[in-house]
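For reference, final25.cif (mmCIF, N, CA and C atoms):
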```cif
data_input
loop_
_atom_site.label_atom_id
_atom_site.label_comp_id
_atom_site.auth_asym_id
_atom_site.auth_seq_id
_atom_site.Cartn_x
_atom_site.Cartn_y
_atom_site.Cartn_z
N MET R 1 -34.31 2.04 -22.85
CA MET R 1 -33.80 1.88 -21.50
C MET R 1 -34.18 3.11 -20.68
N GLU R 2 -34.69 2.85 -19.49
CA GLU R 2 -35.04 3.94 -18.60
C GLU R 2 -33.79 4.54 -17.98
N THR R 3 -33.89 5.78 -17.58
CA THR R 3 -32.76 6.40 -16.89
C THR R 3 -32.85 6.07 -15.40
N LEU R 4 -31.75 6.25 -14.71
CA LEU R 4 -31.75 6.02 -13.26
C LEU R 4 -32.74 6.95 -12.55
N ILE R 5 -32.90 8.15 -13.07
CA ILE R 5 -33.84 9.09 -12.46
C ILE R 5 -35.27 8.56 -12.56
N GLU R 6 -35.62 8.00 -13.72
CA GLU R 6 -36.95 7.41 -13.90
C GLU R 6 -37.15 6.20 -12.97
N ILE R 7 -36.10 5.39 -12.86
CA ILE R 7 -36.17 4.21 -11.99
C ILE R 7 -36.33 4.63 -10.54
N GLU R 8 -35.56 5.63 -10.14
CA GLU R 8 -35.66 6.14 -8.76
C GLU R 8 -37.09 6.61 -8.46
N LYS R 9 -37.67 7.37 -9.38
CA LYS R 9 -39.03 7.88 -9.19
C LYS R 9 -40.03 6.73 -9.05
N LYS R 10 -39.93 5.73 -9.93
CA LYS R 10 -40.85 4.60 -9.86
C LYS R 10 -40.69 3.81 -8.56
N MET R 11 -39.45 3.62 -8.13
CA MET R 11 -39.22 2.87 -6.89
C MET R 11 -39.78 3.63 -5.69
N ASN R 12 -39.61 4.93 -5.66
CA ASN R 12 -40.17 5.72 -4.56
C ASN R 12 -41.69 5.67 -4.55
N GLU R 13 -42.30 5.68 -5.73
CA GLU R 13 -43.76 5.55 -5.83
C GLU R 13 -44.21 4.17 -5.35
N LEU R 14 -43.46 3.15 -5.73
CA LEU R 14 -43.79 1.78 -5.34
C LEU R 14 -43.70 1.57 -3.83
N LEU R 15 -42.77 2.25 -3.19
CA LEU R 15 -42.63 2.14 -1.73
C LEU R 15 -43.95 2.46 -1.02
N GLU R 16 -44.66 3.47 -1.49
CA GLU R 16 -45.87 3.95 -0.81
C GLU R 16 -47.17 3.58 -1.52
N ALA R 17 -47.09 2.78 -2.56
CA ALA R 17 -48.30 2.40 -3.29
C ALA R 17 -49.26 1.64 -2.37
N ASP R 18 -50.56 1.87 -2.58
CA ASP R 18 -51.57 1.18 -1.76
C ASP R 18 -51.52 -0.32 -1.95
N LYS R 19 -51.23 -0.75 -3.16
CA LYS R 19 -51.14 -2.18 -3.45
C LYS R 19 -49.79 -2.46 -4.10
N MET R 20 -49.08 -3.43 -3.57
CA MET R 20 -47.78 -3.79 -4.13
C MET R 20 -47.95 -4.40 -5.51
N ASP R 21 -47.24 -3.88 -6.47
CA ASP R 21 -47.28 -4.37 -7.84
C ASP R 21 -45.98 -5.13 -8.11
N ASN R 22 -46.00 -6.45 -7.89
CA ASN R 22 -44.80 -7.27 -8.06
C ASN R 22 -44.29 -7.27 -9.49
N ALA R 23 -45.19 -7.24 -10.45
CA ALA R 23 -44.78 -7.21 -11.85
C ALA R 23 -44.01 -5.92 -12.15
N MET R 24 -44.49 -4.82 -11.60
CA MET R 24 -43.81 -3.53 -11.78
C MET R 24 -42.43 -3.58 -11.13
N LEU R 25 -42.34 -4.17 -9.96
CA LEU R 25 -41.04 -4.28 -9.28
C LEU R 25 -40.05 -5.07 -10.13
N GLU R 26 -40.51 -6.17 -10.72
CA GLU R 26 -39.63 -6.98 -11.56
C GLU R 26 -39.22 -6.21 -12.82
N GLU R 27 -40.14 -5.45 -13.36
CA GLU R 27 -39.84 -4.62 -14.53
C GLU R 27 -38.76 -3.59 -14.20
N ILE R 28 -38.91 -2.97 -13.04
CA ILE R 28 -37.93 -1.98 -12.59
C ILE R 28 -36.57 -2.64 -12.36
N CYS R 29 -36.58 -3.81 -11.74
CA CYS R 29 -35.33 -4.54 -11.50
C CYS R 29 -34.63 -4.88 -12.80
N GLN R 30 -35.41 -5.25 -13.81
CA GLN R 30 -34.82 -5.54 -15.12
C GLN R 30 -34.17 -4.28 -15.69
N SER R 31 -34.83 -3.15 -15.54
CA SER R 31 -34.25 -1.89 -16.01
C SER R 31 -32.96 -1.57 -15.26
N LEU R 32 -32.94 -1.87 -13.98
CA LEU R 32 -31.72 -1.64 -13.19
C LEU R 32 -30.56 -2.50 -13.71
N LYS R 33 -30.86 -3.74 -14.06
CA LYS R 33 -29.83 -4.64 -14.57
C LYS R 33 -29.23 -4.12 -15.88
N GLU R 34 -30.02 -3.39 -16.64
CA GLU R 34 -29.58 -2.88 -17.94
C GLU R 34 -28.78 -1.59 -17.84
N GLN R 35 -28.69 -1.02 -16.64
CA GLN R 35 -27.98 0.24 -16.47
C GLN R 35 -26.47 0.02 -16.52
N PRO R 36 -25.76 0.80 -17.34
CA PRO R 36 -24.31 0.65 -17.40
C PRO R 36 -23.63 1.35 -16.21
N ASN R 37 -22.64 0.70 -15.65
CA ASN R 37 -21.78 1.28 -14.61
C ASN R 37 -22.51 1.78 -13.37
N VAL R 38 -23.63 1.20 -13.05
CA VAL R 38 -24.35 1.62 -11.85
C VAL R 38 -23.82 0.83 -10.64
N ARG R 39 -23.68 1.52 -9.54
CA ARG R 39 -23.30 0.87 -8.28
C ARG R 39 -24.47 0.99 -7.32
N PHE R 40 -24.56 0.04 -6.40
CA PHE R 40 -25.70 -0.02 -5.49
C PHE R 40 -25.22 0.18 -4.06
N ARG R 41 -26.03 0.91 -3.29
CA ARG R 41 -25.69 1.20 -1.89
C ARG R 41 -26.94 1.05 -1.05
N LEU R 42 -26.87 0.23 -0.02
CA LEU R 42 -27.97 0.05 0.92
C LEU R 42 -27.58 0.66 2.25
N MET R 43 -28.40 1.57 2.71
CA MET R 43 -28.24 2.12 4.06
C MET R 43 -29.40 1.56 4.87
N ASP R 44 -29.11 0.51 5.63
CA ASP R 44 -30.15 -0.22 6.35
C ASP R 44 -30.28 0.33 7.76
N PHE R 45 -31.12 1.36 7.89
CA PHE R 45 -31.30 2.02 9.18
C PHE R 45 -32.15 1.19 10.14
N LYS R 46 -32.89 0.25 9.61
CA LYS R 46 -33.67 -0.63 10.48
C LYS R 46 -32.74 -1.61 11.19
N TYR R 47 -31.75 -2.11 10.50
CA TYR R 47 -30.82 -3.08 11.07
C TYR R 47 -29.75 -2.39 11.93
N PHE R 48 -29.14 -1.35 11.38
CA PHE R 48 -28.07 -0.64 12.10
C PHE R 48 -28.70 0.51 12.88
N ASN R 49 -29.00 0.25 14.14
CA ASN R 49 -29.66 1.24 14.98
C ASN R 49 -28.99 1.30 16.36
N LYS R 50 -29.49 2.14 17.24
CA LYS R 50 -28.87 2.32 18.56
C LYS R 50 -28.95 1.06 19.41
N GLU R 51 -30.01 0.31 19.30
CA GLU R 51 -30.13 -0.93 20.07
C GLU R 51 -29.07 -1.94 19.62
N ARG R 52 -28.89 -2.07 18.32
CA ARG R 52 -27.88 -3.00 17.79
C ARG R 52 -26.49 -2.52 18.20
N LEU R 53 -26.28 -1.22 18.19
CA LEU R 53 -24.99 -0.66 18.60
C LEU R 53 -24.66 -1.06 20.04
N ALA R 54 -25.64 -0.98 20.92
CA ALA R 54 -25.43 -1.36 22.33
C ALA R 54 -25.07 -2.85 22.45
N ILE R 55 -25.74 -3.68 21.67
CA ILE R 55 -25.46 -5.13 21.69
C ILE R 55 -24.05 -5.41 21.18
N ILE R 56 -23.70 -4.78 20.07
CA ILE R 56 -22.36 -4.98 19.49
C ILE R 56 -21.29 -4.53 20.47
N ASN R 57 -21.52 -3.39 21.10
CA ASN R 57 -20.56 -2.85 22.06
C ASN R 57 -20.36 -3.80 23.23
N ALA R 58 -21.45 -4.34 23.75
CA ALA R 58 -21.36 -5.28 24.88
C ALA R 58 -20.60 -6.55 24.46
N GLN R 59 -20.87 -7.02 23.25
CA GLN R 59 -20.17 -8.21 22.74
C GLN R 59 -18.68 -7.94 22.59
N LYS R 60 -18.36 -6.76 22.08
CA LYS R 60 -16.95 -6.38 21.90
C LYS R 60 -16.23 -6.34 23.24
N ILE R 61 -16.86 -5.74 24.24
CA ILE R 61 -16.25 -5.65 25.58
C ILE R 61 -16.02 -7.04 26.16
N GLU R 62 -16.99 -7.91 25.98
CA GLU R 62 -16.84 -9.28 26.49
C GLU R 62 -15.71 -10.02 25.77
N LEU R 63 -15.58 -9.82 24.48
CA LEU R 63 -14.50 -10.46 23.73
C LEU R 63 -13.13 -9.95 24.16
N VAL R 64 -13.04 -8.67 24.45
CA VAL R 64 -11.78 -8.11 24.97
C VAL R 64 -11.47 -8.71 26.33
N ARG R 65 -12.50 -8.81 27.19
CA ARG R 65 -12.33 -9.39 28.52
C ARG R 65 -11.82 -10.84 28.41
N MET R 66 -12.30 -11.55 27.39
CA MET R 66 -11.89 -12.93 27.18
C MET R 66 -10.57 -13.01 26.39
N GLN R 67 -10.01 -11.86 26.05
CA GLN R 67 -8.76 -11.72 25.31
C GLN R 67 -8.83 -12.33 23.90
N ASN R 68 -10.01 -12.27 23.32
CA ASN R 68 -10.21 -12.70 21.93
C ASN R 68 -10.16 -11.44 21.07
N PHE R 69 -8.96 -10.96 20.83
CA PHE R 69 -8.77 -9.65 20.22
C PHE R 69 -9.12 -9.63 18.72
N ASP R 70 -8.96 -10.73 18.03
CA ASP R 70 -9.35 -10.77 16.61
C ASP R 70 -10.86 -10.60 16.47
N ALA R 71 -11.62 -11.33 17.27
CA ALA R 71 -13.08 -11.22 17.23
C ALA R 71 -13.53 -9.84 17.70
N ALA R 72 -12.84 -9.31 18.71
CA ALA R 72 -13.18 -7.97 19.21
C ALA R 72 -12.94 -6.92 18.13
N ALA R 73 -11.88 -7.09 17.34
CA ALA R 73 -11.59 -6.15 16.26
C ALA R 73 -12.69 -6.19 15.19
N LYS R 74 -13.21 -7.37 14.91
CA LYS R 74 -14.31 -7.50 13.95
C LYS R 74 -15.57 -6.82 14.47
N LYS R 75 -15.81 -6.97 15.77
CA LYS R 75 -16.97 -6.29 16.39
C LYS R 75 -16.77 -4.78 16.32
N ARG R 76 -15.54 -4.32 16.47
CA ARG R 76 -15.26 -2.89 16.39
C ARG R 76 -15.59 -2.36 15.00
N GLU R 77 -15.25 -3.13 13.96
CA GLU R 77 -15.58 -2.73 12.59
C GLU R 77 -17.10 -2.64 12.41
N LEU R 78 -17.81 -3.60 12.96
CA LEU R 78 -19.27 -3.59 12.88
C LEU R 78 -19.84 -2.42 13.69
N GLU R 79 -19.22 -2.14 14.81
CA GLU R 79 -19.63 -1.01 15.64
C GLU R 79 -19.48 0.30 14.87
N LEU R 80 -18.38 0.47 14.17
CA LEU R 80 -18.15 1.68 13.39
C LEU R 80 -19.16 1.82 12.24
N LYS R 81 -19.48 0.69 11.61
CA LYS R 81 -20.48 0.71 10.54
C LYS R 81 -21.84 1.12 11.09
N CYS R 82 -22.17 0.60 12.25
CA CYS R 82 -23.44 0.93 12.90
C CYS R 82 -23.48 2.42 13.25
N LEU R 83 -22.40 2.93 13.79
CA LEU R 83 -22.31 4.36 14.13
C LEU R 83 -22.48 5.23 12.89
N LYS R 84 -21.87 4.81 11.80
CA LYS R 84 -21.97 5.56 10.54
C LYS R 84 -23.43 5.66 10.10
N HIS R 85 -24.17 4.56 10.20
CA HIS R 85 -25.58 4.56 9.83
C HIS R 85 -26.39 5.48 10.75
N ILE R 86 -26.17 5.36 12.04
CA ILE R 86 -26.91 6.17 13.01
C ILE R 86 -26.65 7.65 12.77
N GLN R 87 -25.40 8.02 12.59
CA GLN R 87 -25.05 9.42 12.36
C GLN R 87 -25.60 9.94 11.03
N GLY R 88 -25.56 9.10 9.99
CA GLY R 88 -26.10 9.50 8.69
C GLY R 88 -27.59 9.74 8.76
N LYS R 89 -28.29 8.86 9.45
CA LYS R 89 -29.74 9.01 9.58
C LYS R 89 -30.09 10.30 10.32
N GLU R 90 -29.35 10.59 11.37
CA GLU R 90 -29.59 11.81 12.14
C GLU R 90 -29.19 13.05 11.34
N GLN R 91 -28.03 13.01 10.70
CA GLN R 91 -27.53 14.16 9.95
C GLN R 91 -28.48 14.56 8.83
N PHE R 92 -28.99 13.57 8.10
CA PHE R 92 -29.85 13.85 6.97
C PHE R 92 -31.34 13.79 7.31
N LYS R 93 -31.62 13.60 8.61
CA LYS R 93 -33.00 13.60 9.12
C LYS R 93 -33.90 12.64 8.31
N ILE R 94 -33.43 11.42 8.15
CA ILE R 94 -34.16 10.42 7.39
C ILE R 94 -35.21 9.78 8.29
N GLU R 95 -36.45 9.94 7.92
CA GLU R 95 -37.57 9.41 8.70
C GLU R 95 -38.25 8.23 8.02
N LYS R 96 -38.17 8.19 6.69
CA LYS R 96 -38.85 7.12 5.96
C LYS R 96 -37.95 6.61 4.84
N SER R 97 -38.25 5.42 4.39
CA SER R 97 -37.47 4.81 3.32
C SER R 97 -37.59 5.60 2.03
N MET R 98 -36.51 5.55 1.25
CA MET R 98 -36.50 6.24 -0.03
C MET R 98 -35.35 5.74 -0.88
N PHE R 99 -35.46 5.98 -2.16
CA PHE R 99 -34.39 5.71 -3.10
C PHE R 99 -33.83 7.04 -3.57
N ASP R 100 -32.54 7.05 -3.87
CA ASP R 100 -31.89 8.26 -4.34
C ASP R 100 -30.74 7.85 -5.27
N ILE R 101 -30.44 8.70 -6.20
CA ILE R 101 -29.28 8.45 -7.07
C ILE R 101 -28.36 9.65 -7.01
N GLU R 102 -27.08 9.34 -7.12
CA GLU R 102 -26.08 10.39 -7.22
C GLU R 102 -24.84 9.78 -7.83
N GLU R 103 -24.37 10.38 -8.91
CA GLU R 103 -23.15 9.94 -9.59
C GLU R 103 -23.13 8.44 -9.85
N ASN R 104 -24.17 7.93 -10.45
CA ASN R 104 -24.31 6.52 -10.83
C ASN R 104 -24.36 5.56 -9.64
N ILE R 105 -24.69 6.09 -8.48
CA ILE R 105 -24.91 5.24 -7.30
C ILE R 105 -26.41 5.23 -7.03
N PHE R 106 -26.99 4.04 -7.04
CA PHE R 106 -28.41 3.87 -6.76
C PHE R 106 -28.51 3.46 -5.29
N ALA R 107 -29.02 4.35 -4.46
CA ALA R 107 -29.03 4.13 -3.01
C ALA R 107 -30.44 3.89 -2.50
N TYR R 108 -30.54 2.96 -1.55
CA TYR R 108 -31.80 2.64 -0.88
C TYR R 108 -31.60 2.94 0.59
N PHE R 109 -32.31 3.94 1.07
CA PHE R 109 -32.30 4.31 2.48
C PHE R 109 -33.49 3.59 3.12
N TYR R 110 -33.20 2.50 3.79
CA TYR R 110 -34.25 1.59 4.29
C TYR R 110 -34.50 1.80 5.78
N THR R 111 -35.75 2.13 6.10
CA THR R 111 -36.14 2.29 7.51
C THR R 111 -37.15 1.24 7.94
N GLY R 112 -37.77 0.58 6.97
CA GLY R 112 -38.80 -0.41 7.28
C GLY R 112 -40.15 0.20 7.56
N THR R 113 -40.34 1.47 7.22
CA THR R 113 -41.57 2.18 7.57
C THR R 113 -42.53 2.41 6.39
N ALA R 114 -42.08 2.19 5.17
CA ALA R 114 -42.95 2.40 4.01
C ALA R 114 -43.90 1.21 3.86
N LYS R 115 -45.02 1.44 3.20
CA LYS R 115 -46.05 0.41 3.04
C LYS R 115 -45.50 -0.88 2.43
N ASN R 116 -44.65 -0.74 1.44
CA ASN R 116 -44.15 -1.91 0.71
C ASN R 116 -42.66 -2.18 0.94
N ASP R 117 -42.14 -1.61 2.01
CA ASP R 117 -40.72 -1.75 2.32
C ASP R 117 -40.25 -3.20 2.38
N LEU R 118 -40.94 -4.02 3.12
CA LEU R 118 -40.47 -5.38 3.34
C LEU R 118 -40.38 -6.17 2.03
N LYS R 119 -41.39 -6.05 1.19
CA LYS R 119 -41.37 -6.77 -0.09
C LYS R 119 -40.26 -6.26 -1.00
N ILE R 120 -40.09 -4.96 -1.06
CA ILE R 120 -39.05 -4.38 -1.91
C ILE R 120 -37.67 -4.72 -1.35
N TYR R 121 -37.51 -4.59 -0.05
CA TYR R 121 -36.24 -4.92 0.60
C TYR R 121 -35.87 -6.39 0.35
N SER R 122 -36.84 -7.27 0.52
CA SER R 122 -36.59 -8.70 0.31
C SER R 122 -36.15 -8.98 -1.12
N ARG R 123 -36.78 -8.34 -2.07
CA ARG R 123 -36.42 -8.55 -3.48
C ARG R 123 -35.03 -8.00 -3.78
N LEU R 124 -34.74 -6.81 -3.29
CA LEU R 124 -33.47 -6.17 -3.61
C LEU R 124 -32.28 -6.76 -2.87
N THR R 125 -32.54 -7.47 -1.77
CA THR R 125 -31.44 -8.12 -1.04
C THR R 125 -31.42 -9.63 -1.25
N SER R 126 -32.23 -10.11 -2.17
CA SER R 126 -32.29 -11.54 -2.46
C SER R 126 -30.91 -12.06 -2.86
N PRO R 127 -30.47 -13.16 -2.25
CA PRO R 127 -29.14 -13.72 -2.61
C PRO R 127 -29.08 -14.16 -4.08
N GLU R 128 -30.21 -14.56 -4.64
CA GLU R 128 -30.22 -15.05 -6.01
C GLU R 128 -30.15 -13.93 -7.05
N ASN R 129 -30.97 -12.89 -6.87
CA ASN R 129 -31.04 -11.88 -7.92
C ASN R 129 -31.17 -10.46 -7.38
N GLY R 130 -30.71 -10.23 -6.16
CA GLY R 130 -30.78 -8.90 -5.57
C GLY R 130 -29.61 -8.02 -6.00
N PHE R 131 -29.67 -6.80 -5.60
CA PHE R 131 -28.64 -5.82 -5.94
C PHE R 131 -27.82 -5.42 -4.72
N PHE R 132 -28.39 -5.60 -3.53
CA PHE R 132 -27.76 -5.17 -2.30
C PHE R 132 -27.43 -6.36 -1.42
N LYS R 133 -26.36 -6.25 -0.66
CA LYS R 133 -26.01 -7.30 0.30
C LYS R 133 -26.88 -7.11 1.56
N ASN R 134 -27.54 -8.15 1.98
CA ASN R 134 -28.38 -8.11 3.17
C ASN R 134 -27.50 -8.16 4.42
N PRO R 135 -27.55 -7.15 5.29
CA PRO R 135 -26.69 -7.15 6.48
C PRO R 135 -27.08 -8.23 7.48
N ASN R 136 -28.27 -8.79 7.35
CA ASN R 136 -28.73 -9.82 8.27
C ASN R 136 -28.15 -11.20 7.95
N VAL R 137 -27.47 -11.30 6.81
CA VAL R 137 -26.95 -12.59 6.37
C VAL R 137 -25.42 -12.50 6.35
N GLY R 138 -24.80 -13.46 7.07
CA GLY R 138 -23.35 -13.61 7.13
C GLY R 138 -22.62 -12.47 6.63
#
```
Translate the structure of the given file into structure tokens.
Amino acid sequence: METLIEIEKKMNELLEADKMDNAMLEEICQSLKEQPNVRFRLMDFKYFNKERLAIINAQKIELVRMQNFDAAAKKRELELKCLKHIQGKEQFKIEKSMFDIEENIFAYFYTGTAKNDLKIYSRLTSPENGFFKNPNVG
């Protein structure tokens, strides 16, 4: 069994590989499944950005104006999540996608800028066999 550090290194290499190796990605995913007590964290900086924050804020204001306070509260939660992502990206000066591990948390900092980002993101957020919840889906 590979260690999380080895998996992290391979995933980071795969992000920027000239040619996407789908077999290697599946091999890595299998190794991830075999890891005991690992938790997964997706920081989707492509989805949670300043433009989305402005849209969410406008929707929240409209819901308050319409006195739909339950829906407005849900938008507020989404607004806070979006702010957390924006602040984290700025604080840690994240410019490109990467994987990182810390204390048994396997994290994917997704910006959509790496050569193979979309394919890796799609696999890892797959409803059938992914590890991360896709923020674009319900």
Practice item. Could you find all residues in stretch 17-122 of chain R that DSSP calls strand (DSSP E or B) from the backbone, and write them as an NGL selection string? Key: :R and (39-44 or 98-102 or 105-110)
Point to revise | Atomic distance atom CA of R:Ser97 - atom N of R:Arg41, expressed in Å with one decimal | key: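 Distance reported for this atom pair: 13.8 Å.
Counting only C-alpha atoms and comparing R:Ala23, R:Met43, R:Leu53, R:Leu78, the residue that lies closest to R:Tyr121 is R:Met43.
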Exercise for review: Have a look at atom C of R:Ala54 and atom C of R:Pro127 and let me know their distance in Å, one decimal.
Suggested key: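 So the two atoms, atom C of R:Ala54 and atom C of R:Pro127, lie 29.1 Å apart.
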Review point. In Å, how far is it from atom N of R:Leu63 to atom N of R:Glu79?
Key: 12.9 Å
Check your understanding: If you apply the PyMOL selection byres (((chain R and resi 14 and name CA) around 12) and name CA) to this file, what residues do you get, as a PyMOL selection string?
Key -> chain R and resi 7-13+15-28+97-99+114-121
Point to revise | Given only N, CA and C atoms as the counted atoms, nearest of R:Thr3, R:Asn49, R:Cys29, R:Lys96 to R:Thr113 | key: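 Distance minimum relative to R:Thr113 lands on R:Lys96.
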Practice item. List every residue of chain R that DSSP, applied to the backbone of this structure, places in alpha helix (DSSP H), and write the result as a VMD selection string. Key: chain R and resid 4 to 16 22 to 33 50 to 65 69 to 91 117 to 124
**Study point:** Which of R:Arg123, R:Lys60, R:Asp44, R:Phe132 sits closest to R:Ala73 [using all atoms listed in the file]
**Key:** R:Lys60
Practice item. Could you check which of R:Ser122, R:Asn104, R:Gln91, R:Asn57 is closest to R:Lys75, using all atoms listed in the file? Key: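 Nearest to R:Lys75: R:Asn57.
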Review point. What does the PyMOL selection byres ((chain R and resi 45) around 7) select in this file, as a list of chain:residue names?
Key: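 On this input, the PyMOL selection byres ((chain R and resi 45) around 7) captures R:Leu42, R:Met43, R:Asp44, R:Lys46, R:Tyr47, R:Phe48, R:Asn49, R:His85, R:Ile86, R:Phe109, R:Tyr110, R:Thr111, R:Gly112.
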Revision key, fill the gap. Using only N, CA and C atoms, the residue out of R:Glu62, R:Ile101, R:Ser31, R:Phe40 with shortest distance to R:Lys133 is R:Phe40
Review point. Near R:Val38, counting only C-alpha atoms, which residues have an atom at most 7 Å away, once you skip same-chain residues fewer than 3 positions from it, shown as number ranges by chain?
Key: R: 35, 104-106
Point to revise | Proximity to R:Lys50 - best of R:Leu83, R:Lys33, R:Glu2, R:Phe92, all atoms listed in the file | key: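 Looking at the shortest contact to R:Lys50, the residue is R:Leu83.
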Where's the centre, and what are the edge lengths in Å to one decimal, of a box along x, y and z enclosing all listed atoms of stretch 85-104 of chain R padded 6 Å per side, as AutoDock Vina command-line options?
```
--center_x -31.0 --center_y 9.6 --center_z 1.1 --size_x 27.7 --size_y 22.0 --size_z 35.8
```
